Amino acid sequence: MTINTAFSPPVGSRESGAPLEAAHQQLAEAIELLGYSAGQHAMLRAPRREMTVSIPLRRDTGDIELLTGHRVQHNISRGPAKGGIRYHRGVDLDEIRALAMWMTWKCALIDVPYGGAKGGIRIDTALYSQPELERLTRRFTSEIMPILGPEKDIPAPDIGTDEQTMAWIMDTYSVNKGHTIPAVVTGKPISIGGSLGRASATSRGVVHCALAAMEDQKIRASGSSASVQGFGKVGAGAAEFLSDAGLKIQYVSDQHGALHASGGIDVQLLDDHVKLTGSVVGFRGAEPVPHDAVLEADVDVLVPAALEGVITADNAADIKARIVVEGANGPTTVLADQMLADKGTLVVPDILANAGGVLVSYFEWVQGNQAYWWTEDEVEEKLAARMTSAYREVSAYAKDRRLSMRSAATALAVHRVAEAHTLRGLYP
Ligand code: GLU
């Protein structure tokens, strides 16, 4: 097998910003750093298994529409495949491949016994009713069922899916198997085996990382400023917990609009407003500003918590935050990452910063397998301890070897996965 290892775009060229290009480039850098062979590189680069399925959907009108769904299992060397399912109009197979690879590194980095996976359907959920989304989810689940299971591949929510989606997946899987199997998904509603603390876990993890990074940079949390791009499942919680830690949330945005308040936005009031109106637009406690102002804000901490590829070579020079904590997966392109590193911005990479979600997913799976549930305090204590120690581990590795936090995190994770490959050996 031959493999192209020269993924670096020529100097001065425009990058595509595609997530898979970034994921490949990050892996190539780690392989070089660790001194692995082209064969090992090929093994770690290619997904173990991919499934693309047609999903015929009966619309409420009676018409049939055909959608396409994917599930990519990037790696299963350390345990079952694990990762979310995304419903979004931008989904394509390459994006899912990148997100699956990042899940592998994320799970290895926080040392949960999983490989990495991701699934998705290209769909604009706003155009579909709840009954349509339920039929779509159940049909998608039944199509990919041969590769799912608590010991095979365990989905979770991602953009466009939530605990209700997980309940439908769990039910479809269980009904087909003939008994209830809660551990086939995580991020379920509490009443059917979800874990306390799972809904807020990603946001809490982001904030544990932000506070550890501020400590690293000798910035006091109290009175510092933050900007949060994306006021959804991850961003809204991150804004709330950052504000609880004493930071002023000066900028917030969602896909519809952006806000600024130099004295800090009251996150609780904003949350109430969003629950009522569906967006941050029209909130009285802050001034509307252009979207760019949120990423380019002169603040201590910037949390991109929406989609991939928002910090690019075009705007990286304008990023003024001292610390960037990646709540989203893949928000920074490769060239932008280099530009931020060159100017001394501390970037806490996605595979570390947003790992709190899959960490508590692991806790939920453990609880489901044992049919014994923990208290919210137990979950939050374990989450805080594991996130903080993972941050310190990556930070020490980065300082020792003079690497960025992203290069350190990727190398540590790739090393763990490669070690599992080597110890297990190659069959036959
Ligand atoms: N979709 C989330 C992520 O990207 C959670 C995955 C999980 O809990 O399995 O990390």
# chains A, B, ... in the order shown; residues from 1 in each chain; ligands from 1
>>> closest_atom_pairs(of="range 140-168 of chain A", to="range 64-85 of chain A", cutoff="7 Å", atoms="only C-alpha atoms", output="Markdown table")
| residue | atom | partner | partner_atom | distance |
| --- | --- | --- | --- | --- |
| A:Phe140 | CA | A:Gly69 | CA | 6.8 |
| A:Glu151 | CA | A:Pro80 | CA | 5.5 |
| A:Lys152 | CA | A:Pro80 | CA | 4.7 |
| A:Asp153 | CA | A:Ala81 | CA | 4.4 |
| A:Ile154 | CA | A:Lys82 | CA | 5.0 |
| A:Pro155 | CA | A:Gly84 | CA | 5.1 |
| A:Ala156 | CA | A:Gly84 | CA | 4.2 |
| A:Pro157 | CA | A:Gly84 | CA | 4.9 |
| A:Asp158 | CA | A:Gly84 | CA | 5.0 |
| A:Thr161 | CA | A:Ile85 | CA | 6.9 |
>>> write_last_selection(atoms="all heavy atoms", output="PDB file, in the first residue's frame")
ATOM      1  N   PHE A 140     -32.971   5.096  10.032  1.00  0.00           N
ATOM      2  CA  PHE A 140     -31.497   5.179  10.006  1.00  0.00           C
ATOM      3  C   PHE A 140     -30.912   4.145  10.982  1.00  0.00           C
ATOM      4  O   PHE A 140     -29.991   3.400  10.658  1.00  0.00           O
ATOM      5  CB  PHE A 140     -31.061   6.600  10.378  1.00  0.00           C
ATOM      6  CG  PHE A 140     -29.564   6.822  10.397  1.00  0.00           C
ATOM      7  CD1 PHE A 140     -28.744   6.355   9.384  1.00  0.00           C
ATOM      8  CD2 PHE A 140     -28.960   7.532  11.446  1.00  0.00           C
ATOM      9  CE1 PHE A 140     -27.363   6.570   9.398  1.00  0.00           C
ATOM     10  CE2 PHE A 140     -27.589   7.756  11.470  1.00  0.00           C
ATOM     11  CZ  PHE A 140     -26.795   7.270  10.449  1.00  0.00           C
ATOM     12  N   GLU A 151     -21.346  -3.148  22.883  1.00  0.00           N
ATOM     13  CA  GLU A 151     -19.949  -3.594  22.831  1.00  0.00           C
ATOM     14  C   GLU A 151     -19.354  -3.359  21.446  1.00  0.00           C
ATOM     15  O   GLU A 151     -18.206  -3.729  21.203  1.00  0.00           O
ATOM     16  CB  GLU A 151     -19.803  -5.055  23.279  1.00  0.00           C
ATOM     17  CG  GLU A 151     -20.502  -6.119  22.442  1.00  0.00           C
ATOM     18  CD  GLU A 151     -22.018  -5.932  22.323  1.00  0.00           C
ATOM     19  OE1 GLU A 151     -22.712  -5.907  23.351  1.00  0.00           O
ATOM     20  OE2 GLU A 151     -22.494  -5.794  21.179  1.00  0.00           O
ATOM     21  N   LYS A 152     -20.107  -2.720  20.545  1.00  0.00           N
ATOM     22  CA  LYS A 152     -19.617  -2.506  19.169  1.00  0.00           C
ATOM     23  C   LYS A 152     -19.455  -1.034  18.829  1.00  0.00           C
ATOM     24  O   LYS A 152     -18.400  -0.593  18.390  1.00  0.00           O
ATOM     25  CB  LYS A 152     -20.630  -3.091  18.171  1.00  0.00           C
ATOM     26  CG  LYS A 152     -20.729  -4.582  18.162  1.00  0.00           C
ATOM     27  CD  LYS A 152     -21.419  -4.963  16.860  1.00  0.00           C
ATOM     28  CE  LYS A 152     -22.412  -6.074  17.008  1.00  0.00           C
ATOM     29  NZ  LYS A 152     -23.218  -6.260  15.819  1.00  0.00           N
ATOM     30  N   ASP A 153     -20.519  -0.278  18.976  1.00  0.00           N
ATOM     31  CA  ASP A 153     -20.518   1.134  18.565  1.00  0.00           C
ATOM     32  C   ASP A 153     -21.679   1.818  19.266  1.00  0.00           C
ATOM     33  O   ASP A 153     -22.825   1.372  19.147  1.00  0.00           O
ATOM     34  CB  ASP A 153     -20.651   1.224  17.033  1.00  0.00           C
ATOM     35  CG  ASP A 153     -20.574   2.671  16.532  1.00  0.00           C
ATOM     36  OD1 ASP A 153     -20.538   3.599  17.362  1.00  0.00           O
ATOM     37  OD2 ASP A 153     -20.566   2.854  15.299  1.00  0.00           O
ATOM     38  N   ILE A 154     -21.371   2.906  19.983  1.00  0.00           N
ATOM     39  CA  ILE A 154     -22.346   3.541  20.871  1.00  0.00           C
ATOM     40  C   ILE A 154     -22.544   5.006  20.474  1.00  0.00           C
ATOM     41  O   ILE A 154     -21.706   5.858  20.778  1.00  0.00           O
ATOM     42  CB  ILE A 154     -21.836   3.452  22.334  1.00  0.00           C
ATOM     43  CG1 ILE A 154     -21.514   2.002  22.692  1.00  0.00           C
ATOM     44  CG2 ILE A 154     -22.839   4.050  23.319  1.00  0.00           C
ATOM     45  CD1 ILE A 154     -20.190   1.821  23.400  1.00  0.00           C
ATOM     46  N   PRO A 155     -23.627   5.323  19.771  1.00  0.00           N
ATOM     47  CA  PRO A 155     -23.881   6.722  19.380  1.00  0.00           C
ATOM     48  C   PRO A 155     -24.232   7.631  20.566  1.00  0.00           C
ATOM     49  O   PRO A 155     -24.525   7.160  21.672  1.00  0.00           O
ATOM     50  CB  PRO A 155     -25.067   6.631  18.420  1.00  0.00           C
ATOM     51  CG  PRO A 155     -25.120   5.215  17.969  1.00  0.00           C
ATOM     52  CD  PRO A 155     -24.607   4.414  19.146  1.00  0.00           C
ATOM     53  N   ALA A 156     -24.201   8.926  20.301  1.00  0.00           N
ATOM     54  CA  ALA A 156     -24.533   9.964  21.287  1.00  0.00           C
ATOM     55  C   ALA A 156     -25.027  11.175  20.501  1.00  0.00           C
ATOM     56  O   ALA A 156     -24.904  11.211  19.280  1.00  0.00           O
ATOM     57  CB  ALA A 156     -23.287  10.324  22.100  1.00  0.00           C
ATOM     58  N   PRO A 157     -25.551  12.186  21.194  1.00  0.00           N
ATOM     59  CA  PRO A 157     -25.986  13.384  20.465  1.00  0.00           C
ATOM     60  C   PRO A 157     -24.812  14.177  19.894  1.00  0.00           C
ATOM     61  O   PRO A 157     -23.689  14.111  20.396  1.00  0.00           O
ATOM     62  CB  PRO A 157     -26.706  14.221  21.536  1.00  0.00           C
ATOM     63  CG  PRO A 157     -26.968  13.317  22.670  1.00  0.00           C
ATOM     64  CD  PRO A 157     -25.893  12.274  22.634  1.00  0.00           C
ATOM     65  N   ASP A 158     -25.086  14.925  18.858  1.00  0.00           N
ATOM     66  CA  ASP A 158     -24.150  15.894  18.290  1.00  0.00           C
ATOM     67  C   ASP A 158     -25.025  17.037  17.755  1.00  0.00           C
ATOM     68  O   ASP A 158     -26.185  17.153  18.163  1.00  0.00           O
ATOM     69  CB  ASP A 158     -23.294  15.226  17.194  1.00  0.00           C
ATOM     70  CG  ASP A 158     -22.047  16.031  16.856  1.00  0.00           C
ATOM     71  OD1 ASP A 158     -21.062  15.922  17.585  1.00  0.00           O
ATOM     72  OD2 ASP A 158     -22.074  16.790  15.862  1.00  0.00           O
ATOM     73  N   THR A 161     -29.037  16.751  16.965  1.00  0.00           N
ATOM     74  CA  THR A 161     -29.685  15.616  17.632  1.00  0.00           C
ATOM     75  C   THR A 161     -29.664  15.864  19.139  1.00  0.00           C
ATOM     76  O   THR A 161     -28.867  16.674  19.621  1.00  0.00           O
ATOM     77  CB  THR A 161     -28.972  14.281  17.315  1.00  0.00           C
ATOM     78  OG1 THR A 161     -27.598  14.395  17.703  1.00  0.00           O
ATOM     79  CG2 THR A 161     -29.052  13.934  15.834  1.00  0.00           C
TER      80      THR A 161
END
>>> select_by_dssp(residues="range 143-248 of chain A", states="strand (DSSP E)", output="VMD selection string")
chain A and resid 153 to 157 225 to 229 248
>>> write_last_selection(atoms="N, CA and C atoms", output="compact mmCIF listing (two decimals), in the first residue's frame")
# COMPACT_ATOMS: atom_id res chain seq x y z
N ASP A 153 -20.52 -0.28 18.98
CA ASP A 153 -20.52 1.13 18.56
C ASP A 153 -21.68 1.82 19.27
N ILE A 154 -21.37 2.91 19.98
CA ILE A 154 -22.35 3.54 20.87
C ILE A 154 -22.54 5.01 20.47
N PRO A 155 -23.63 5.32 19.77
CA PRO A 155 -23.88 6.72 19.38
C PRO A 155 -24.23 7.63 20.57
N ALA A 156 -24.20 8.93 20.30
CA ALA A 156 -24.53 9.96 21.29
C ALA A 156 -25.03 11.18 20.50
N PRO A 157 -25.55 12.19 21.19
CA PRO A 157 -25.99 13.38 20.47
C PRO A 157 -24.81 14.18 19.89
N SER A 225 -12.49 38.51 30.89
CA SER A 225 -13.57 38.61 29.91
C SER A 225 -13.57 37.40 28.97
N ALA A 226 -14.76 37.10 28.45
CA ALA A 226 -14.89 35.96 27.54
C ALA A 226 -15.85 36.28 26.41
N SER A 227 -15.67 35.57 25.30
CA SER A 227 -16.54 35.67 24.14
C SER A 227 -16.92 34.26 23.73
N VAL A 228 -18.21 34.02 23.52
CA VAL A 228 -18.66 32.66 23.21
C VAL A 228 -19.38 32.68 21.86
N GLN A 229 -18.80 31.96 20.88
CA GLN A 229 -19.41 31.89 19.55
C GLN A 229 -20.25 30.62 19.47
N LYS A 248 -16.60 37.90 32.86
CA LYS A 248 -17.65 38.70 32.22
C LYS A 248 -17.84 38.16 30.80
>>> residues_around(residues="range 368-383 of chain A", least_positions_apart="4", cutoff="12 Å", atoms="only C-alpha atoms", output="number ranges by chain")
A: 110, 150-151, 180-188, 190-209, 354-364, 387-390
>>> write_last_selection(atoms="N, CA and C atoms", output="compact mmCIF listing (two decimals), in the first residue's frame")
# COMPACT_ATOMS: atom_id res chain seq x y z
N ILE A 110 -8.46 11.20 26.84
CA ILE A 110 -8.99 11.20 28.22
C ILE A 110 -9.07 9.79 28.77
N PRO A 150 -23.83 -2.09 22.39
CA PRO A 150 -23.08 -1.57 23.54
C PRO A 150 -21.62 -2.01 23.55
N GLU A 151 -21.35 -3.15 22.88
CA GLU A 151 -19.95 -3.59 22.83
C GLU A 151 -19.35 -3.36 21.45
N THR A 180 -34.70 -4.51 26.53
CA THR A 180 -34.21 -3.13 26.65
C THR A 180 -32.70 -3.10 26.85
N ILE A 181 -32.02 -2.32 26.01
CA ILE A 181 -30.55 -2.26 26.06
C ILE A 181 -30.12 -0.79 26.16
N PRO A 182 -30.15 -0.24 27.38
CA PRO A 182 -29.87 1.20 27.52
C PRO A 182 -28.46 1.59 27.05
N ALA A 183 -27.48 0.70 27.21
CA ALA A 183 -26.09 1.09 26.95
C ALA A 183 -25.74 1.15 25.46
N VAL A 184 -26.75 1.02 24.57
CA VAL A 184 -26.45 1.13 23.14
C VAL A 184 -26.26 2.59 22.70
N VAL A 185 -26.78 3.53 23.49
CA VAL A 185 -26.52 4.96 23.22
C VAL A 185 -26.23 5.67 24.54
N THR A 186 -25.60 6.83 24.46
CA THR A 186 -25.45 7.69 25.63
C THR A 186 -26.06 9.05 25.30
N GLY A 187 -26.24 9.85 26.35
CA GLY A 187 -26.93 11.13 26.15
C GLY A 187 -28.44 10.91 26.08
N LYS A 188 -28.90 9.84 26.76
CA LYS A 188 -30.33 9.53 26.80
C LYS A 188 -31.03 10.38 27.88
N ILE A 190 -32.75 11.01 31.37
CA ILE A 190 -32.44 10.40 32.66
C ILE A 190 -33.40 9.24 32.97
N SER A 191 -34.68 9.44 32.65
CA SER A 191 -35.69 8.45 33.05
C SER A 191 -35.55 7.10 32.35
N ILE A 192 -34.75 7.04 31.27
CA ILE A 192 -34.55 5.72 30.62
C ILE A 192 -33.08 5.33 30.64
N GLY A 193 -32.35 5.82 31.66
CA GLY A 193 -30.98 5.34 31.83
C GLY A 193 -29.90 6.34 31.47
N GLY A 194 -30.28 7.59 31.27
CA GLY A 194 -29.26 8.63 31.07
C GLY A 194 -28.53 8.92 32.36
N SER A 195 -27.40 9.60 32.25
CA SER A 195 -26.64 9.92 33.46
C SER A 195 -26.93 11.35 33.90
N LEU A 196 -27.04 11.53 35.20
CA LEU A 196 -27.07 12.89 35.73
C LEU A 196 -25.77 13.56 35.30
N GLY A 197 -25.85 14.82 34.94
CA GLY A 197 -24.63 15.55 34.59
C GLY A 197 -24.18 15.38 33.15
N ARG A 198 -24.86 14.53 32.33
CA ARG A 198 -24.41 14.35 30.95
C ARG A 198 -24.73 15.59 30.10
N ALA A 199 -25.93 16.18 30.32
CA ALA A 199 -26.35 17.30 29.47
C ALA A 199 -25.38 18.48 29.56
N SER A 200 -24.83 18.72 30.76
CA SER A 200 -23.95 19.88 30.92
C SER A 200 -22.47 19.51 30.81
N ALA A 201 -22.18 18.22 30.57
CA ALA A 201 -20.80 17.74 30.71
C ALA A 201 -19.81 18.41 29.74
N THR A 202 -20.20 18.58 28.47
CA THR A 202 -19.26 19.17 27.51
C THR A 202 -18.93 20.60 27.93
N SER A 203 -19.96 21.36 28.30
CA SER A 203 -19.75 22.76 28.70
C SER A 203 -18.89 22.83 29.96
N ARG A 204 -19.17 21.96 30.93
CA ARG A 204 -18.35 21.98 32.16
C ARG A 204 -16.90 21.65 31.85
N GLY A 205 -16.70 20.67 30.96
CA GLY A 205 -15.34 20.30 30.58
C GLY A 205 -14.60 21.46 29.92
N VAL A 206 -15.31 22.19 29.05
CA VAL A 206 -14.73 23.36 28.39
C VAL A 206 -14.26 24.36 29.44
N VAL A 207 -15.10 24.55 30.47
CA VAL A 207 -14.76 25.54 31.49
C VAL A 207 -13.64 25.05 32.41
N HIS A 208 -13.60 23.75 32.71
CA HIS A 208 -12.45 23.23 33.48
C HIS A 208 -11.16 23.52 32.71
N CYS A 209 -11.19 23.31 31.39
CA CYS A 209 -9.99 23.59 30.57
C CYS A 209 -9.67 25.08 30.53
N ASN A 354 -13.32 19.71 24.52
CA ASN A 354 -14.73 19.29 24.55
C ASN A 354 -14.89 17.81 24.90
N ALA A 355 -13.86 17.22 25.51
CA ALA A 355 -13.90 15.79 25.83
C ALA A 355 -14.81 15.46 27.03
N GLY A 356 -15.28 16.48 27.74
CA GLY A 356 -16.16 16.24 28.89
C GLY A 356 -17.43 15.49 28.49
N GLY A 357 -17.91 15.74 27.27
CA GLY A 357 -19.13 15.09 26.79
C GLY A 357 -18.95 13.59 26.71
N VAL A 358 -17.91 13.17 26.00
CA VAL A 358 -17.73 11.72 25.84
C VAL A 358 -17.26 11.08 27.15
N LEU A 359 -16.61 11.86 28.00
CA LEU A 359 -16.21 11.31 29.30
C LEU A 359 -17.44 10.92 30.11
N VAL A 360 -18.43 11.83 30.16
CA VAL A 360 -19.65 11.48 30.92
C VAL A 360 -20.50 10.47 30.14
N SER A 361 -20.36 10.45 28.82
CA SER A 361 -20.98 9.35 28.05
C SER A 361 -20.42 8.01 28.53
N TYR A 362 -19.13 7.97 28.76
CA TYR A 362 -18.50 6.75 29.28
C TYR A 362 -19.08 6.41 30.65
N PHE A 363 -19.23 7.44 31.51
CA PHE A 363 -19.83 7.19 32.84
C PHE A 363 -21.25 6.64 32.68
N GLU A 364 -21.98 7.20 31.70
CA GLU A 364 -23.37 6.73 31.48
C GLU A 364 -23.38 5.27 31.03
N MET A 387 -10.84 15.88 33.70
CA MET A 387 -10.54 16.96 32.74
C MET A 387 -9.29 17.72 33.17
N THR A 388 -9.20 18.03 34.47
CA THR A 388 -8.06 18.80 34.94
C THR A 388 -6.77 18.00 34.79
N SER A 389 -6.84 16.70 35.10
CA SER A 389 -5.59 15.93 34.98
C SER A 389 -5.21 15.75 33.51
N ALA A 390 -6.21 15.61 32.62
CA ALA A 390 -5.89 15.50 31.18
C ALA A 390 -5.25 16.80 30.70
>>> residues_around(residues="Leu27 in chain A", least_positions_apart="3", cutoff="12 Å", atoms="only C-alpha atoms", output="short mmCIF file (atom, residue, chain, number, x, y, z; two decimals) with C-alpha atoms, in the first residue's frame")
data_model
loop_
_atom_site.label_atom_id
_atom_site.label_comp_id
_atom_site.auth_asym_id
_atom_site.auth_seq_id
_atom_site.Cartn_x
_atom_site.Cartn_y
_atom_site.Cartn_z
CA THR A 5 2.26 11.72 3.63
CA ALA A 6 2.87 15.15 2.09
CA PHE A 7 -0.35 16.86 3.14
CA SER A 8 1.07 20.32 3.83
CA LEU A 20 -10.73 15.98 6.80
CA GLU A 21 -7.74 17.90 5.45
CA ALA A 22 -7.10 19.32 8.94
CA ALA A 23 -7.52 15.91 10.60
CA HIS A 24 -5.11 14.30 8.13
CA ALA A 30 1.97 13.43 15.06
CA ILE A 31 3.29 10.49 13.00
CA GLU A 32 6.40 12.48 12.14
CA LEU A 33 6.89 13.54 15.75
CA LEU A 34 6.51 9.97 17.02
CA GLY A 35 8.67 8.56 14.24
CA TYR A 36 6.10 5.97 13.09
CA ALA A 38 4.26 4.68 6.68
CA GLN A 40 1.44 2.55 10.92
CA HIS A 41 0.39 5.89 9.44
CA ALA A 42 -1.85 4.17 6.90
CA MET A 43 -3.48 2.05 9.64
CA LEU A 44 -4.19 5.08 11.81
CA ARG A 45 -5.40 7.23 8.94
CA ALA A 46 -7.99 4.98 7.33
CA ALA A 98 -12.80 13.74 10.15
CA MET A 101 -10.94 10.38 13.62
CA TRP A 102 -11.11 13.21 16.19
CA THR A 104 -10.59 8.30 18.35
CA TRP A 105 -7.98 10.77 19.58
CA VAL A 334 -4.47 24.21 9.99
CA ARG A 406 -2.84 20.59 19.86
CA SER A 407 0.33 18.86 18.68
CA ALA A 408 0.91 17.51 22.20
CA ALA A 409 -2.67 16.27 22.60
CA THR A 410 -2.69 14.62 19.17
CA ALA A 411 0.70 12.96 19.69
CA LEU A 412 -0.28 11.63 23.14
CA ALA A 413 -3.53 10.23 21.77
CA VAL A 414 -2.02 8.77 18.60
CA HIS A 415 0.67 7.11 20.70
CA VAL A 417 -3.90 4.11 19.91
CA ALA A 418 -0.71 2.94 18.17
#
>>> closest_residue(among="A:Leu270, A:Leu247, A:Leu57, A:Leu148", to="Tyr128 in chain A", atoms="only C-alpha atoms")
A:Leu57
>>> atom_distance(atom1="CA of Asp318 in chain A", atom2="CA of Val274 in chain A")
28.6 Å
>>> atom_distance(atom1="CA of Glu143 in chain A", atom2="CA of Ile96 in chain A")
17.2 Å
>>> closest_residue(among="A:Trp168, A:Gly39, A:Tyr251, A:Leu335", to="Ala321 in chain A", atoms="only C-alpha atoms")
A:Tyr251
>>> select_by_dssp(residues="range 75-193 of chain A", states="helix (DSSP H, G or I)", output="VMD selection string")
chain A and resid 93 to 109 125 to 127 130 to 147 163 to 177 182 to 184 190 to 192
